[in-house]
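Here is the structure we will look at, set down as structure tokens.
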Amino acid sequence: MKPGKLFVVATPIGNLGDISHRALQVLGSVQLVAAEDTRHSQRLLSHYGINVKLSSLHEHNEESKSPVLVERMVQGDDIALVSDAGTPLISDPGRRLIKAAITADIKVIPVPGACAAIAALSASGLSSDSFLFIGFLPARGARRRKRLAQLKFATPTLIFYEAVHRIEDFLQDIVEVFGEDRQAVVARELTKQFESFQRGSLQELKMHYQHHADQVRGEFVVLVEGVSSEVSQMTLDAEKVLQHLLEVLSPAKAAATASKITGEAKSSLYELAMKLKSN
């Protein structure tokens with residue numbers, strides 16, 4: 001018996017018209033659609049008059065459900081994997097199913113389409129030559145700030161996803177860690193009726209959403225410009241110097257000594273020394 005195939009199908013992130021003709025063909029031809037939220041996906045399928053059986057596949061049942069779906073494909077069924085919006089596996093479940101299908105020699109076929117991160121980047125005005133997709137940061141403030149500190153001197157454009165109930169805390173934390181002046185873009189409600197792009201420094205964006213509570217709604221993509229390669233290399237060099245000095249000196253003395261060696265400001269080196277010490 002010829003095995004079935006697993007189609008990884010991108011669906012709209014807002015505007016239903018953004019689904020591809022090929023995606024509709026695939027969704028209408030498979031025996032089953034594995035969906036993150038079957039109720040949400042049913043609305044999309046009903047809109048296009050597609051009658052196909054749905055099965056839930058989300059982060060809480062993916063481990064137990066994947067072998068069942070793989071067995072169906074081994075027996076010849078074609079299955080489409082969809083998330084609530086956009087391209088599956090981009091900050092969404094599905095990795096276990098993909099790996100299980102590959103292990104079982106099931107052909108995995110991507111059906112490309114909408115992706116909020118790429119849509120936001122394309123219209124952001126920030127560099128798209130090199131970018132780093134981060135997705136959602138940890139929900140807790142201390143862990144979030146620690147992760148941001150690891151990314152502070154990255155050179156690519158950084159792309160974050162953030163939930164509506166955390167966007168203000170996220171902007172507060174990133175201003176504290178990255179500084180006020182870094183240029184950034186907040187893309188909100190992409191492809192939907194109230195789509196908006198807010199551009200400016202991190203401090204300006206933080207103040208904007210503090211004073212415009214009516215815009216703290218929907219889904220957010222935050223893009224932050226990377227640092228120059230020269231600044232990144234200087235920081236890496238200074239960090240190496242500090243790491244060695246902290247083995248024998250206090251943070252204050254290590255920062256003062258590193259400042260004389262590297263020429264960097266003592267205050268910024270002290271801040272870095274304290275972070276290295278706490279980590």
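By order of appearance in the structure tokens: chains A, B, ..., then residues from 1 within every chain, and ligands from 1 in the order shown.
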- Residues within 8 Å of Ala120 of chain A, only C-alpha atoms, excluding chain neighbours under 5 positions, as a PyMOL selection string: chain A and resi 187+190+221+223
Residues flagged helix (DSSP H, G or I) by DSSP in segment 12-215 of chain A, as a PDB file with N, CA and C atoms, in the first residue's frame:
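Printed below is out10.pdb as written:
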```pdb
ATOM      1  N   LEU A  16      -8.894  36.679   5.031  1.00  0.00           N
ATOM      2  CA  LEU A  16      -9.131  35.347   4.479  1.00  0.00           C
ATOM      3  C   LEU A  16      -8.708  35.237   3.023  1.00  0.00           C
ATOM      4  N   GLY A  17      -8.610  36.382   2.337  1.00  0.00           N
ATOM      5  CA  GLY A  17      -8.204  36.366   0.940  1.00  0.00           C
ATOM      6  C   GLY A  17      -6.749  36.034   0.732  1.00  0.00           C
ATOM      7  N   ASP A  18      -5.967  35.968   1.822  1.00  0.00           N
ATOM      8  CA  ASP A  18      -4.538  35.704   1.699  1.00  0.00           C
ATOM      9  C   ASP A  18      -4.197  34.223   1.581  1.00  0.00           C
ATOM     10  N   HIS A  21      -4.344  29.537  -3.697  1.00  0.00           N
ATOM     11  CA  HIS A  21      -5.171  28.609  -4.464  1.00  0.00           C
ATOM     12  C   HIS A  21      -4.725  27.171  -4.210  1.00  0.00           C
ATOM     13  N   ARG A  22      -3.415  26.964  -4.120  1.00  0.00           N
ATOM     14  CA  ARG A  22      -2.893  25.627  -3.870  1.00  0.00           C
ATOM     15  C   ARG A  22      -3.318  25.120  -2.488  1.00  0.00           C
ATOM     16  N   ALA A  23      -3.279  26.008  -1.486  1.00  0.00           N
ATOM     17  CA  ALA A  23      -3.688  25.598  -0.142  1.00  0.00           C
ATOM     18  C   ALA A  23      -5.136  25.129  -0.140  1.00  0.00           C
ATOM     19  N   LEU A  24      -5.995  25.836  -0.846  1.00  0.00           N
ATOM     20  CA  LEU A  24      -7.400  25.433  -0.916  1.00  0.00           C
ATOM     21  C   LEU A  24      -7.548  24.081  -1.608  1.00  0.00           C
ATOM     22  N   GLN A  25      -6.769  23.864  -2.665  1.00  0.00           N
ATOM     23  CA  GLN A  25      -6.811  22.573  -3.355  1.00  0.00           C
ATOM     24  C   GLN A  25      -6.404  21.438  -2.422  1.00  0.00           C
ATOM     25  N   VAL A  26      -5.318  21.664  -1.676  1.00  0.00           N
ATOM     26  CA  VAL A  26      -4.830  20.626  -0.763  1.00  0.00           C
ATOM     27  C   VAL A  26      -5.848  20.352   0.334  1.00  0.00           C
ATOM     28  N   LEU A  27      -6.377  21.395   0.961  1.00  0.00           N
ATOM     29  CA  LEU A  27      -7.339  21.223   2.053  1.00  0.00           C
ATOM     30  C   LEU A  27      -8.596  20.499   1.577  1.00  0.00           C
ATOM     31  N   GLY A  28      -8.932  20.693   0.310  1.00  0.00           N
ATOM     32  CA  GLY A  28     -10.115  20.027  -0.234  1.00  0.00           C
ATOM     33  C   GLY A  28      -9.872  18.609  -0.693  1.00  0.00           C
ATOM     34  N   SER A  29      -8.611  18.176  -0.720  1.00  0.00           N
ATOM     35  CA  SER A  29      -8.305  16.851  -1.262  1.00  0.00           C
ATOM     36  C   SER A  29      -7.835  15.848  -0.210  1.00  0.00           C
ATOM     37  N   THR A  38      -9.815  23.235  16.216  1.00  0.00           N
ATOM     38  CA  THR A  38     -10.725  22.770  15.168  1.00  0.00           C
ATOM     39  C   THR A  38     -11.864  23.760  14.917  1.00  0.00           C
ATOM     40  N   ARG A  39     -12.324  24.449  15.960  1.00  0.00           N
ATOM     41  CA  ARG A  39     -13.406  25.415  15.766  1.00  0.00           C
ATOM     42  C   ARG A  39     -12.938  26.588  14.898  1.00  0.00           C
ATOM     43  N   HIS A  40     -11.738  27.045  15.162  1.00  0.00           N
ATOM     44  CA  HIS A  40     -11.176  28.158  14.383  1.00  0.00           C
ATOM     45  C   HIS A  40     -10.980  27.740  12.918  1.00  0.00           C
ATOM     46  N   SER A  41     -10.394  26.572  12.715  1.00  0.00           N
ATOM     47  CA  SER A  41     -10.133  26.110  11.347  1.00  0.00           C
ATOM     48  C   SER A  41     -11.422  25.777  10.606  1.00  0.00           C
ATOM     49  N   GLN A  42     -12.452  25.328  11.337  1.00  0.00           N
ATOM     50  CA  GLN A  42     -13.730  25.012  10.691  1.00  0.00           C
ATOM     51  C   GLN A  42     -14.338  26.252  10.050  1.00  0.00           C
ATOM     52  N   ARG A  43     -14.164  27.401  10.695  1.00  0.00           N
ATOM     53  CA  ARG A  43     -14.699  28.645  10.117  1.00  0.00           C
ATOM     54  C   ARG A  43     -14.033  28.960   8.784  1.00  0.00           C
ATOM     55  N   LEU A  44     -12.713  28.736   8.713  1.00  0.00           N
ATOM     56  CA  LEU A  44     -11.987  28.965   7.460  1.00  0.00           C
ATOM     57  C   LEU A  44     -12.459  27.993   6.387  1.00  0.00           C
ATOM     58  N   LEU A  45     -12.564  26.726   6.722  1.00  0.00           N
ATOM     59  CA  LEU A  45     -12.990  25.718   5.743  1.00  0.00           C
ATOM     60  C   LEU A  45     -14.424  25.978   5.282  1.00  0.00           C
ATOM     61  N   SER A  46     -15.298  26.334   6.209  1.00  0.00           N
ATOM     62  CA  SER A  46     -16.691  26.609   5.851  1.00  0.00           C
ATOM     63  C   SER A  46     -16.792  27.815   4.931  1.00  0.00           C
ATOM     64  N   HIS A  47     -15.947  28.817   5.165  1.00  0.00           N
ATOM     65  CA  HIS A  47     -15.959  30.018   4.322  1.00  0.00           C
ATOM     66  C   HIS A  47     -15.696  29.664   2.864  1.00  0.00           C
ATOM     67  N   GLU A  62      -0.123  16.713  21.350  1.00  0.00           N
ATOM     68  CA  GLU A  62       0.673  16.377  20.168  1.00  0.00           C
ATOM     69  C   GLU A  62       1.489  15.100  20.362  1.00  0.00           C
ATOM     70  N   GLU A  63       2.045  14.918  21.548  1.00  0.00           N
ATOM     71  CA  GLU A  63       2.883  13.748  21.776  1.00  0.00           C
ATOM     72  C   GLU A  63       2.090  12.448  21.633  1.00  0.00           C
ATOM     73  N   SER A  64       0.879  12.416  22.173  1.00  0.00           N
ATOM     74  CA  SER A  64       0.073  11.196  22.104  1.00  0.00           C
ATOM     75  C   SER A  64      -0.647  11.046  20.770  1.00  0.00           C
ATOM     76  N   LYS A  65      -0.946  12.166  20.122  1.00  0.00           N
ATOM     77  CA  LYS A  65      -1.726  12.130  18.888  1.00  0.00           C
ATOM     78  C   LYS A  65      -0.878  11.845  17.649  1.00  0.00           C
ATOM     79  N   SER A  66       0.389  12.227  17.678  1.00  0.00           N
ATOM     80  CA  SER A  66       1.233  12.091  16.486  1.00  0.00           C
ATOM     81  C   SER A  66       1.331  10.654  15.975  1.00  0.00           C
ATOM     82  N   PRO A  67       1.565   9.651  16.847  1.00  0.00           N
ATOM     83  CA  PRO A  67       1.638   8.274  16.343  1.00  0.00           C
ATOM     84  C   PRO A  67       0.347   7.819  15.660  1.00  0.00           C
ATOM     85  N   VAL A  68      -0.800   8.285  16.159  1.00  0.00           N
ATOM     86  CA  VAL A  68      -2.093   7.924  15.569  1.00  0.00           C
ATOM     87  C   VAL A  68      -2.204   8.497  14.158  1.00  0.00           C
ATOM     88  N   LEU A  69      -1.803   9.749  14.000  1.00  0.00           N
ATOM     89  CA  LEU A  69      -1.871  10.386  12.687  1.00  0.00           C
ATOM     90  C   LEU A  69      -0.875   9.764  11.714  1.00  0.00           C
ATOM     91  N   VAL A  70       0.316   9.445  12.207  1.00  0.00           N
ATOM     92  CA  VAL A  70       1.317   8.801  11.347  1.00  0.00           C
ATOM     93  C   VAL A  70       0.806   7.454  10.853  1.00  0.00           C
ATOM     94  N   GLU A  71       0.165   6.701  11.735  1.00  0.00           N
ATOM     95  CA  GLU A  71      -0.372   5.396  11.336  1.00  0.00           C
ATOM     96  C   GLU A  71      -1.412   5.543  10.232  1.00  0.00           C
ATOM     97  N   ARG A  72      -2.223   6.592  10.326  1.00  0.00           N
ATOM     98  CA  ARG A  72      -3.205   6.835   9.258  1.00  0.00           C
ATOM     99  C   ARG A  72      -2.516   7.105   7.927  1.00  0.00           C
ATOM    100  N   MET A  73      -1.414   7.868   7.970  1.00  0.00           N
ATOM    101  CA  MET A  73      -0.684   8.149   6.739  1.00  0.00           C
ATOM    102  C   MET A  73       0.008   6.899   6.214  1.00  0.00           C
ATOM    103  N   VAL A  74       0.515   6.067   7.110  1.00  0.00           N
ATOM    104  CA  VAL A  74       1.122   4.797   6.697  1.00  0.00           C
ATOM    105  C   VAL A  74       0.092   3.943   5.958  1.00  0.00           C
ATOM    106  N   ARG A  95       5.938  20.175  15.528  1.00  0.00           N
ATOM    107  CA  ARG A  95       7.277  19.618  15.315  1.00  0.00           C
ATOM    108  C   ARG A  95       7.300  18.112  15.565  1.00  0.00           C
ATOM    109  N   ARG A  96       6.621  17.651  16.623  1.00  0.00           N
ATOM    110  CA  ARG A  96       6.625  16.212  16.914  1.00  0.00           C
ATOM    111  C   ARG A  96       5.994  15.418  15.778  1.00  0.00           C
ATOM    112  N   LEU A  97       4.909  15.937  15.216  1.00  0.00           N
ATOM    113  CA  LEU A  97       4.250  15.238  14.109  1.00  0.00           C
ATOM    114  C   LEU A  97       5.160  15.193  12.891  1.00  0.00           C
ATOM    115  N   ILE A  98       5.822  16.301  12.594  1.00  0.00           N
ATOM    116  CA  ILE A  98       6.725  16.345  11.439  1.00  0.00           C
ATOM    117  C   ILE A  98       7.856  15.328  11.618  1.00  0.00           C
ATOM    118  N   LYS A  99       8.464  15.316  12.795  1.00  0.00           N
ATOM    119  CA  LYS A  99       9.589  14.401  13.042  1.00  0.00           C
ATOM    120  C   LYS A  99       9.124  12.942  12.976  1.00  0.00           C
ATOM    121  N   ALA A 100       7.935  12.674  13.532  1.00  0.00           N
ATOM    122  CA  ALA A 100       7.408  11.307  13.498  1.00  0.00           C
ATOM    123  C   ALA A 100       7.117  10.868  12.070  1.00  0.00           C
ATOM    124  N   ALA A 101       6.596  11.783  11.261  1.00  0.00           N
ATOM    125  CA  ALA A 101       6.306  11.462   9.859  1.00  0.00           C
ATOM    126  C   ALA A 101       7.601  11.183   9.089  1.00  0.00           C
ATOM    127  N   ILE A 102       8.619  12.002   9.321  1.00  0.00           N
ATOM    128  CA  ILE A 102       9.908  11.805   8.640  1.00  0.00           C
ATOM    129  C   ILE A 102      10.511  10.458   9.036  1.00  0.00           C
ATOM    130  N   THR A 103      10.434  10.127  10.327  1.00  0.00           N
ATOM    131  CA  THR A 103      10.964   8.849  10.806  1.00  0.00           C
ATOM    132  C   THR A 103      10.257   7.666  10.139  1.00  0.00           C
ATOM    133  N   ALA A 116       3.346  35.925   9.821  1.00  0.00           N
ATOM    134  CA  ALA A 116       3.320  37.269  10.406  1.00  0.00           C
ATOM    135  C   ALA A 116       4.714  37.880  10.504  1.00  0.00           C
ATOM    136  N   ALA A 117       5.716  37.072  10.866  1.00  0.00           N
ATOM    137  CA  ALA A 117       7.079  37.589  11.027  1.00  0.00           C
ATOM    138  C   ALA A 117       7.611  38.150   9.713  1.00  0.00           C
ATOM    139  N   ILE A 118       7.434  37.418   8.623  1.00  0.00           N
ATOM    140  CA  ILE A 118       7.950  37.849   7.325  1.00  0.00           C
ATOM    141  C   ILE A 118       7.132  39.013   6.781  1.00  0.00           C
ATOM    142  N   ALA A 119       5.816  38.978   6.979  1.00  0.00           N
ATOM    143  CA  ALA A 119       4.968  40.090   6.521  1.00  0.00           C
ATOM    144  C   ALA A 119       5.377  41.384   7.218  1.00  0.00           C
ATOM    145  N   ALA A 120       5.606  41.313   8.529  1.00  0.00           N
ATOM    146  CA  ALA A 120       6.007  42.500   9.281  1.00  0.00           C
ATOM    147  C   ALA A 120       7.377  42.998   8.840  1.00  0.00           C
ATOM    148  N   LEU A 121       8.306  42.084   8.665  1.00  0.00           N
ATOM    149  CA  LEU A 121       9.657  42.465   8.247  1.00  0.00           C
ATOM    150  C   LEU A 121       9.642  43.147   6.887  1.00  0.00           C
ATOM    151  N   SER A 122       8.842  42.644   5.961  1.00  0.00           N
ATOM    152  CA  SER A 122       8.835  43.174   4.597  1.00  0.00           C
ATOM    153  C   SER A 122       8.376  44.624   4.541  1.00  0.00           C
ATOM    154  N   ALA A 123       7.564  45.045   5.500  1.00  0.00           N
ATOM    155  CA  ALA A 123       7.038  46.411   5.489  1.00  0.00           C
ATOM    156  C   ALA A 123       7.606  47.266   6.609  1.00  0.00           C
ATOM    157  N   SER A 124       8.577  46.744   7.346  1.00  0.00           N
ATOM    158  CA  SER A 124       9.076  47.448   8.534  1.00  0.00           C
ATOM    159  C   SER A 124       9.983  48.630   8.212  1.00  0.00           C
ATOM    160  N   GLY A 141       8.977  38.175  34.014  1.00  0.00           N
ATOM    161  CA  GLY A 141       9.828  39.324  33.758  1.00  0.00           C
ATOM    162  C   GLY A 141      11.313  39.057  33.894  1.00  0.00           C
ATOM    163  N   ALA A 142      11.735  38.357  34.951  1.00  0.00           N
ATOM    164  CA  ALA A 142      13.166  38.108  35.172  1.00  0.00           C
ATOM    165  C   ALA A 142      13.753  37.263  34.048  1.00  0.00           C
ATOM    166  N   ARG A 143      13.049  36.213  33.656  1.00  0.00           N
ATOM    167  CA  ARG A 143      13.528  35.357  32.568  1.00  0.00           C
ATOM    168  C   ARG A 143      13.499  36.103  31.236  1.00  0.00           C
ATOM    169  N   ARG A 144      12.500  36.950  31.056  1.00  0.00           N
ATOM    170  CA  ARG A 144      12.410  37.726  29.817  1.00  0.00           C
ATOM    171  C   ARG A 144      13.598  38.683  29.701  1.00  0.00           C
ATOM    172  N   ARG A 145      13.915  39.374  30.784  1.00  0.00           N
ATOM    173  CA  ARG A 145      15.033  40.318  30.754  1.00  0.00           C
ATOM    174  C   ARG A 145      16.362  39.592  30.563  1.00  0.00           C
ATOM    175  N   LYS A 146      16.494  38.413  31.144  1.00  0.00           N
ATOM    176  CA  LYS A 146      17.725  37.645  30.965  1.00  0.00           C
ATOM    177  C   LYS A 146      17.909  37.263  29.499  1.00  0.00           C
ATOM    178  N   ARG A 147      16.811  36.845  28.842  1.00  0.00           N
ATOM    179  CA  ARG A 147      16.899  36.476  27.420  1.00  0.00           C
ATOM    180  C   ARG A 147      17.204  37.714  26.583  1.00  0.00           C
ATOM    181  N   LEU A 148      16.614  38.839  26.903  1.00  0.00           N
ATOM    182  CA  LEU A 148      16.884  40.073  26.166  1.00  0.00           C
ATOM    183  C   LEU A 148      18.357  40.471  26.315  1.00  0.00           C
ATOM    184  N   ALA A 149      18.918  40.279  27.512  1.00  0.00           N
ATOM    185  CA  ALA A 149      20.327  40.620  27.720  1.00  0.00           C
ATOM    186  C   ALA A 149      21.226  39.791  26.814  1.00  0.00           C
ATOM    187  N   GLN A 150      20.829  38.557  26.535  1.00  0.00           N
ATOM    188  CA  GLN A 150      21.605  37.697  25.635  1.00  0.00           C
ATOM    189  C   GLN A 150      21.535  38.184  24.189  1.00  0.00           C
ATOM    190  N   LEU A 151      20.481  38.933  23.864  1.00  0.00           N
ATOM    191  CA  LEU A 151      20.252  39.382  22.485  1.00  0.00           C
ATOM    192  C   LEU A 151      20.670  40.837  22.247  1.00  0.00           C
ATOM    193  N   VAL A 164      -1.121  40.505  23.652  1.00  0.00           N
ATOM    194  CA  VAL A 164      -1.676  41.812  23.999  1.00  0.00           C
ATOM    195  C   VAL A 164      -1.511  42.126  25.485  1.00  0.00           C
ATOM    196  N   HIS A 165      -1.652  41.123  26.360  1.00  0.00           N
ATOM    197  CA  HIS A 165      -1.590  41.395  27.796  1.00  0.00           C
ATOM    198  C   HIS A 165      -0.170  41.579  28.308  1.00  0.00           C
ATOM    199  N   ARG A 166       0.837  41.383  27.425  1.00  0.00           N
ATOM    200  CA  ARG A 166       2.229  41.558  27.863  1.00  0.00           C
ATOM    201  C   ARG A 166       2.980  42.614  27.071  1.00  0.00           C
ATOM    202  N   ILE A 167       2.364  43.235  26.086  1.00  0.00           N
ATOM    203  CA  ILE A 167       3.112  44.127  25.194  1.00  0.00           C
ATOM    204  C   ILE A 167       3.718  45.308  25.943  1.00  0.00           C
ATOM    205  N   GLU A 168       3.009  45.880  26.894  1.00  0.00           N
ATOM    206  CA  GLU A 168       3.553  47.031  27.614  1.00  0.00           C
ATOM    207  C   GLU A 168       4.720  46.621  28.522  1.00  0.00           C
ATOM    208  N   ASP A 169       4.596  45.479  29.181  1.00  0.00           N
ATOM    209  CA  ASP A 169       5.700  44.984  30.012  1.00  0.00           C
ATOM    210  C   ASP A 169       6.912  44.653  29.146  1.00  0.00           C
ATOM    211  N   PHE A 170       6.646  44.085  27.968  1.00  0.00           N
ATOM    212  CA  PHE A 170       7.745  43.753  27.044  1.00  0.00           C
ATOM    213  C   PHE A 170       8.494  45.020  26.644  1.00  0.00           C
ATOM    214  N   LEU A 171       7.772  46.067  26.259  1.00  0.00           N
ATOM    215  CA  LEU A 171       8.417  47.309  25.839  1.00  0.00           C
ATOM    216  C   LEU A 171       9.180  47.954  26.991  1.00  0.00           C
ATOM    217  N   GLN A 172       8.634  47.865  28.190  1.00  0.00           N
ATOM    218  CA  GLN A 172       9.336  48.405  29.364  1.00  0.00           C
ATOM    219  C   GLN A 172      10.657  47.666  29.576  1.00  0.00           C
ATOM    220  N   ASP A 173      10.611  46.340  29.489  1.00  0.00           N
ATOM    221  CA  ASP A 173      11.815  45.535  29.712  1.00  0.00           C
ATOM    222  C   ASP A 173      12.865  45.764  28.628  1.00  0.00           C
ATOM    223  N   ILE A 174      12.434  45.854  27.382  1.00  0.00           N
ATOM    224  CA  ILE A 174      13.414  45.979  26.303  1.00  0.00           C
ATOM    225  C   ILE A 174      14.067  47.361  26.308  1.00  0.00           C
ATOM    226  N   VAL A 175      13.338  48.382  26.761  1.00  0.00           N
ATOM    227  CA  VAL A 175      13.951  49.705  26.930  1.00  0.00           C
ATOM    228  C   VAL A 175      15.016  49.642  28.017  1.00  0.00           C
ATOM    229  N   GLU A 176      14.723  48.958  29.115  1.00  0.00           N
ATOM    230  CA  GLU A 176      15.684  48.844  30.213  1.00  0.00           C
ATOM    231  C   GLU A 176      16.948  48.106  29.781  1.00  0.00           C
ATOM    232  N   VAL A 177      16.790  47.066  28.958  1.00  0.00           N
ATOM    233  CA  VAL A 177      17.927  46.234  28.576  1.00  0.00           C
ATOM    234  C   VAL A 177      18.661  46.789  27.364  1.00  0.00           C
ATOM    235  N   PHE A 178      17.926  47.208  26.328  1.00  0.00           N
ATOM    236  CA  PHE A 178      18.535  47.660  25.077  1.00  0.00           C
ATOM    237  C   PHE A 178      18.842  49.156  25.061  1.00  0.00           C
ATOM    238  N   LEU A 202      12.736  52.732  20.747  1.00  0.00           N
ATOM    239  CA  LEU A 202      12.049  51.892  21.728  1.00  0.00           C
ATOM    240  C   LEU A 202      11.337  52.731  22.780  1.00  0.00           C
ATOM    241  N   GLN A 203      11.962  53.825  23.204  1.00  0.00           N
ATOM    242  CA  GLN A 203      11.337  54.697  24.188  1.00  0.00           C
ATOM    243  C   GLN A 203      10.072  55.334  23.622  1.00  0.00           C
ATOM    244  N   GLU A 204      10.127  55.785  22.384  1.00  0.00           N
ATOM    245  CA  GLU A 204       8.944  56.394  21.757  1.00  0.00           C
ATOM    246  C   GLU A 204       7.808  55.389  21.633  1.00  0.00           C
ATOM    247  N   LEU A 205       8.147  54.151  21.291  1.00  0.00           N
ATOM    248  CA  LEU A 205       7.115  53.120  21.172  1.00  0.00           C
ATOM    249  C   LEU A 205       6.516  52.793  22.538  1.00  0.00           C
ATOM    250  N   LYS A 206       7.362  52.724  23.551  1.00  0.00           N
ATOM    251  CA  LYS A 206       6.856  52.459  24.900  1.00  0.00           C
ATOM    252  C   LYS A 206       5.868  53.540  25.333  1.00  0.00           C
ATOM    253  N   MET A 207       6.248  54.803  25.114  1.00  0.00           N
ATOM    254  CA  MET A 207       5.385  55.918  25.502  1.00  0.00           C
ATOM    255  C   MET A 207       4.101  55.940  24.671  1.00  0.00           C
ATOM    256  N   HIS A 208       4.210  55.585  23.396  1.00  0.00           N
ATOM    257  CA  HIS A 208       3.025  55.586  22.524  1.00  0.00           C
ATOM    258  C   HIS A 208       1.951  54.659  23.071  1.00  0.00           C
ATOM    259  N   TYR A 209       2.337  53.432  23.420  1.00  0.00           N
ATOM    260  CA  TYR A 209       1.321  52.471  23.874  1.00  0.00           C
ATOM    261  C   TYR A 209       0.871  52.735  25.302  1.00  0.00           C
ATOM    262  N   GLN A 210       1.691  53.447  26.077  1.00  0.00           N
ATOM    263  CA  GLN A 210       1.238  53.865  27.402  1.00  0.00           C
ATOM    264  C   GLN A 210       0.141  54.910  27.309  1.00  0.00           C
ATOM    265  N   HIS A 211       0.198  55.734  26.242  1.00  0.00           N
ATOM    266  CA  HIS A 211      -0.764  56.825  26.100  1.00  0.00           C
ATOM    267  C   HIS A 211      -1.875  56.531  25.097  1.00  0.00           C
ATOM    268  N   ALA A 213      -4.161  53.546  24.970  1.00  0.00           N
ATOM    269  CA  ALA A 213      -4.677  52.267  25.445  1.00  0.00           C
ATOM    270  C   ALA A 213      -5.604  51.612  24.426  1.00  0.00           C
ATOM    271  N   ASP A 214      -6.233  52.411  23.579  1.00  0.00           N
ATOM    272  CA  ASP A 214      -7.137  51.862  22.568  1.00  0.00           C
ATOM    273  C   ASP A 214      -6.395  51.027  21.530  1.00  0.00           C
ATOM    274  N   GLN A 215      -5.062  51.204  21.440  1.00  0.00           N
ATOM    275  CA  GLN A 215      -4.273  50.440  20.468  1.00  0.00           C
ATOM    276  C   GLN A 215      -3.585  49.219  21.090  1.00  0.00           C
TER     277      GLN A 215
END
```
Between atom CA of Ile159 of chain A and atom CA of Leu57 of chain A lies a distance of 26.0 Å
Name the residues in contact with segment 131-138 of chain A at a cut-off of 7 Å, using only C-alpha atoms, excluding same-chain residues fewer than 2 positions from it; report them as a compact mmCIF listing (two decimals) with C-alpha atoms, in the first residue's frame.
```txt
# COMPACT_ATOMS: atom_id res chain seq x y z
CA SER A 91 5.75 29.56 17.31
CA SER A 128 16.01 42.38 5.99
CA ASP A 129 19.44 41.17 4.81
CA ARG A 140 8.04 36.00 33.55
CA ARG A 143 13.53 35.36 32.57
CA ARG A 144 12.41 37.73 29.82
CA PRO A 156 20.56 40.95 12.76
CA THR A 157 17.13 42.56 12.92
CA LEU A 158 15.32 40.87 15.81
CA ILE A 159 11.71 39.68 15.40
CA PHE A 160 9.53 39.02 18.43
CA TYR A 161 5.91 37.93 18.85
CA GLU A 162 4.07 39.33 21.84
```
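Atom pair atom CA of Glu271 of chain A / atom CA of His244 of chain A has a distance of 15.9 Å (rounded to one decimal).
What separates atom CA of Ala163 of chain A from atom CA of Ser83 of chain A is a distance of 16.7 Å.
Residue neighbourhood of Gly86 of chain A, excluding near-sequence residues (fewer than 4 positions): Ala10, Thr11, Pro12, Ile13, Gly113, Ala114, Cys115 and Ala116 of chain A, at 8 Å, using only C-alpha atoms.
Nearest to Gly14 of chain A of all the residues A:Phe194, A:Gly49, A:His60, A:Asp77 is A:Phe194, counting only C-alpha atoms.
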DSSP strand (DSSP E) residues within segment 150-222 of chain A, as a compact mmCIF listing (two decimals) with N, CA and C atoms, in the first residue's frame:
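Okay, selection-v5.txt is ready:
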```txt
# COMPACT_ATOMS: atom_id res chain seq x y z
N THR A 157 18.41 42.05 12.47
CA THR A 157 17.13 42.56 12.92
C THR A 157 16.45 41.46 13.74
N LEU A 158 15.95 41.83 14.91
CA LEU A 158 15.32 40.87 15.81
C LEU A 158 13.80 40.92 15.64
N ILE A 159 13.17 39.75 15.59
CA ILE A 159 11.71 39.68 15.40
C ILE A 159 11.10 38.92 16.56
N PHE A 160 10.21 39.61 17.28
CA PHE A 160 9.53 39.02 18.43
C PHE A 160 8.03 38.95 18.17
N TYR A 161 7.37 37.95 18.74
CA TYR A 161 5.91 37.93 18.85
C TYR A 161 5.58 38.30 20.29
N GLU A 162 4.48 39.03 20.48
CA GLU A 162 4.07 39.33 21.84
C GLU A 162 2.55 39.37 21.95
N GLN A 183 16.19 51.78 17.28
CA GLN A 183 15.03 51.91 16.39
C GLN A 183 14.27 50.58 16.32
N ALA A 184 12.95 50.69 16.25
CA ALA A 184 12.12 49.49 16.26
C ALA A 184 10.79 49.77 15.57
N VAL A 185 10.06 48.71 15.32
CA VAL A 185 8.75 48.80 14.68
C VAL A 185 7.80 47.84 15.40
N VAL A 186 6.60 48.30 15.69
CA VAL A 186 5.56 47.43 16.22
C VAL A 186 4.48 47.28 15.15
N ALA A 187 4.29 46.06 14.67
CA ALA A 187 3.24 45.77 13.69
C ALA A 187 2.09 45.09 14.43
N ARG A 188 0.89 45.64 14.24
CA ARG A 188 -0.27 45.15 14.99
C ARG A 188 -1.39 44.74 14.05
N SER A 196 -1.79 48.14 11.76
CA SER A 196 -1.03 49.38 11.95
C SER A 196 0.45 49.06 12.12
N PHE A 197 1.29 50.02 11.71
CA PHE A 197 2.72 49.96 11.94
C PHE A 197 3.11 51.22 12.71
N GLN A 198 3.73 51.03 13.86
CA GLN A 198 4.21 52.15 14.65
C GLN A 198 5.74 52.08 14.64
N ARG A 199 6.38 53.16 14.19
CA ARG A 199 7.85 53.16 14.05
C ARG A 199 8.46 54.25 14.93
N GLY A 200 9.67 53.98 15.43
CA GLY A 200 10.36 54.97 16.25
C GLY A 200 11.38 54.30 17.14
N SER A 201 11.89 55.05 18.10
CA SER A 201 12.82 54.47 19.07
C SER A 201 12.03 53.60 20.05
N PHE A 220 0.67 41.21 18.16
CA PHE A 220 1.79 42.10 17.91
C PHE A 220 3.02 41.36 17.39
N VAL A 221 3.69 42.00 16.42
CA VAL A 221 5.03 41.61 16.01
C VAL A 221 5.93 42.81 16.29
N VAL A 222 7.00 42.60 17.03
CA VAL A 222 7.93 43.69 17.36
C VAL A 222 9.25 43.41 16.67
```
